[in-house]
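Working notes for the structure below.
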Amino acid sequence: MPNLIQGEDRFFIRRMREEDLPAVRAIETLSFSNPWSDNTFRGEIQNTSISFPMVVVRRPGEEVVAYVIFWQIRDDVQVNNVAVHPDCRGLGLGEAMMRYVIAKSREAGATFMTLEVRQSNTPALALYKKLGFEVMGTRKSYYTKPDEDAYVMALVLDQ
């Protein structure tokens, strides 16, 4: 299991497993007004051909504190879900996870990455812009609870 943050020996990233679902769902519910179901997460775990559900665990204890789910289909990557437990926000885990996804995608030959983000999610927008993502367009009424448009953001992955 690789260290997630250089020089930091408490946080590691690994593939999500079925036994992680209670912790993942807790983070999901704390993070989103319209959370994914267990079956949605289970489908991501089982879809090993294109889906890469990853969790960040904190040691000691293997506590799941964050996760990211992305798909890679040939040279395209779609980041579907990113969340950090509220108690662990501000530690750089979101950025570290996204840098991990970008690096792994490049290694696998991907050339383009996209994601959607609520227009009001200022911290996420700042992070994605810091990482080089650009707003490519808007998806009207993409989110519910409350209804809100999403920015479609993209990053060209230079090889």
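Please note that chains go A, B, ... in the order of the structure tokens, that every chain numbers its residues from 1, and that ligands are numbered from 1 in the order shown.
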
Where in segment 32-153 of chain A does DSSP assign helix (DSSP H, G or I), given as a PyMOL selection string? chain A and resi 38-46+86-88+93-107+122-130

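Among the candidates A:Lys104, A:Arg58, A:Arg42, A:Arg89, the one nearest to Gln72 of chain A when counting only C-alpha atoms is A:Lys104.
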
Identify which of the residues A:Ala83, A:Ile73, A:Val65, A:Ile50 lies closest to Pro35 of chain A, counting only C-alpha atoms when measuring atom-to-atom distances. A:Ala83

Could you tell me, as a PyMOL selection string, which residues of segment 10-159 of chain A DSSP assigns to strand (DSSP E or B) when given the backbone? chain A and resi 11-15+51-58+63-73+76-84+112-118+134-143+148-156

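Interatomic distance, atom CA of Ile45 of chain A to atom CA of Asp75 of chain A: 20.8 Å.
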
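Of note, atom CA of Arg139 of chain A and atom CA of Phe70 of chain A are spaced 19.0 Å apart.
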
Neighbours of Cys88 of chain A within 10 Å (only C-alpha atoms; same-chain residues fewer than 5 positions away dropped), as a ChimeraX atom specification? /A:65-66,93-94

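Closest approach to Gln46 of chain A among A:Ala26, A:Val77, A:Val64, A:Met16: A:Met16, based on only C-alpha atoms.
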
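The residue that comes closest to Ala96 of chain A, out of A:Asp38, A:Met113, A:Val56, A:Ala126 and on the basis of only C-alpha atoms, is A:Val56.
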
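Rounded to one decimal, atom CA of Lys140 of chain A and atom CA of Tyr100 of chain A lie 29.5 Å from each other.
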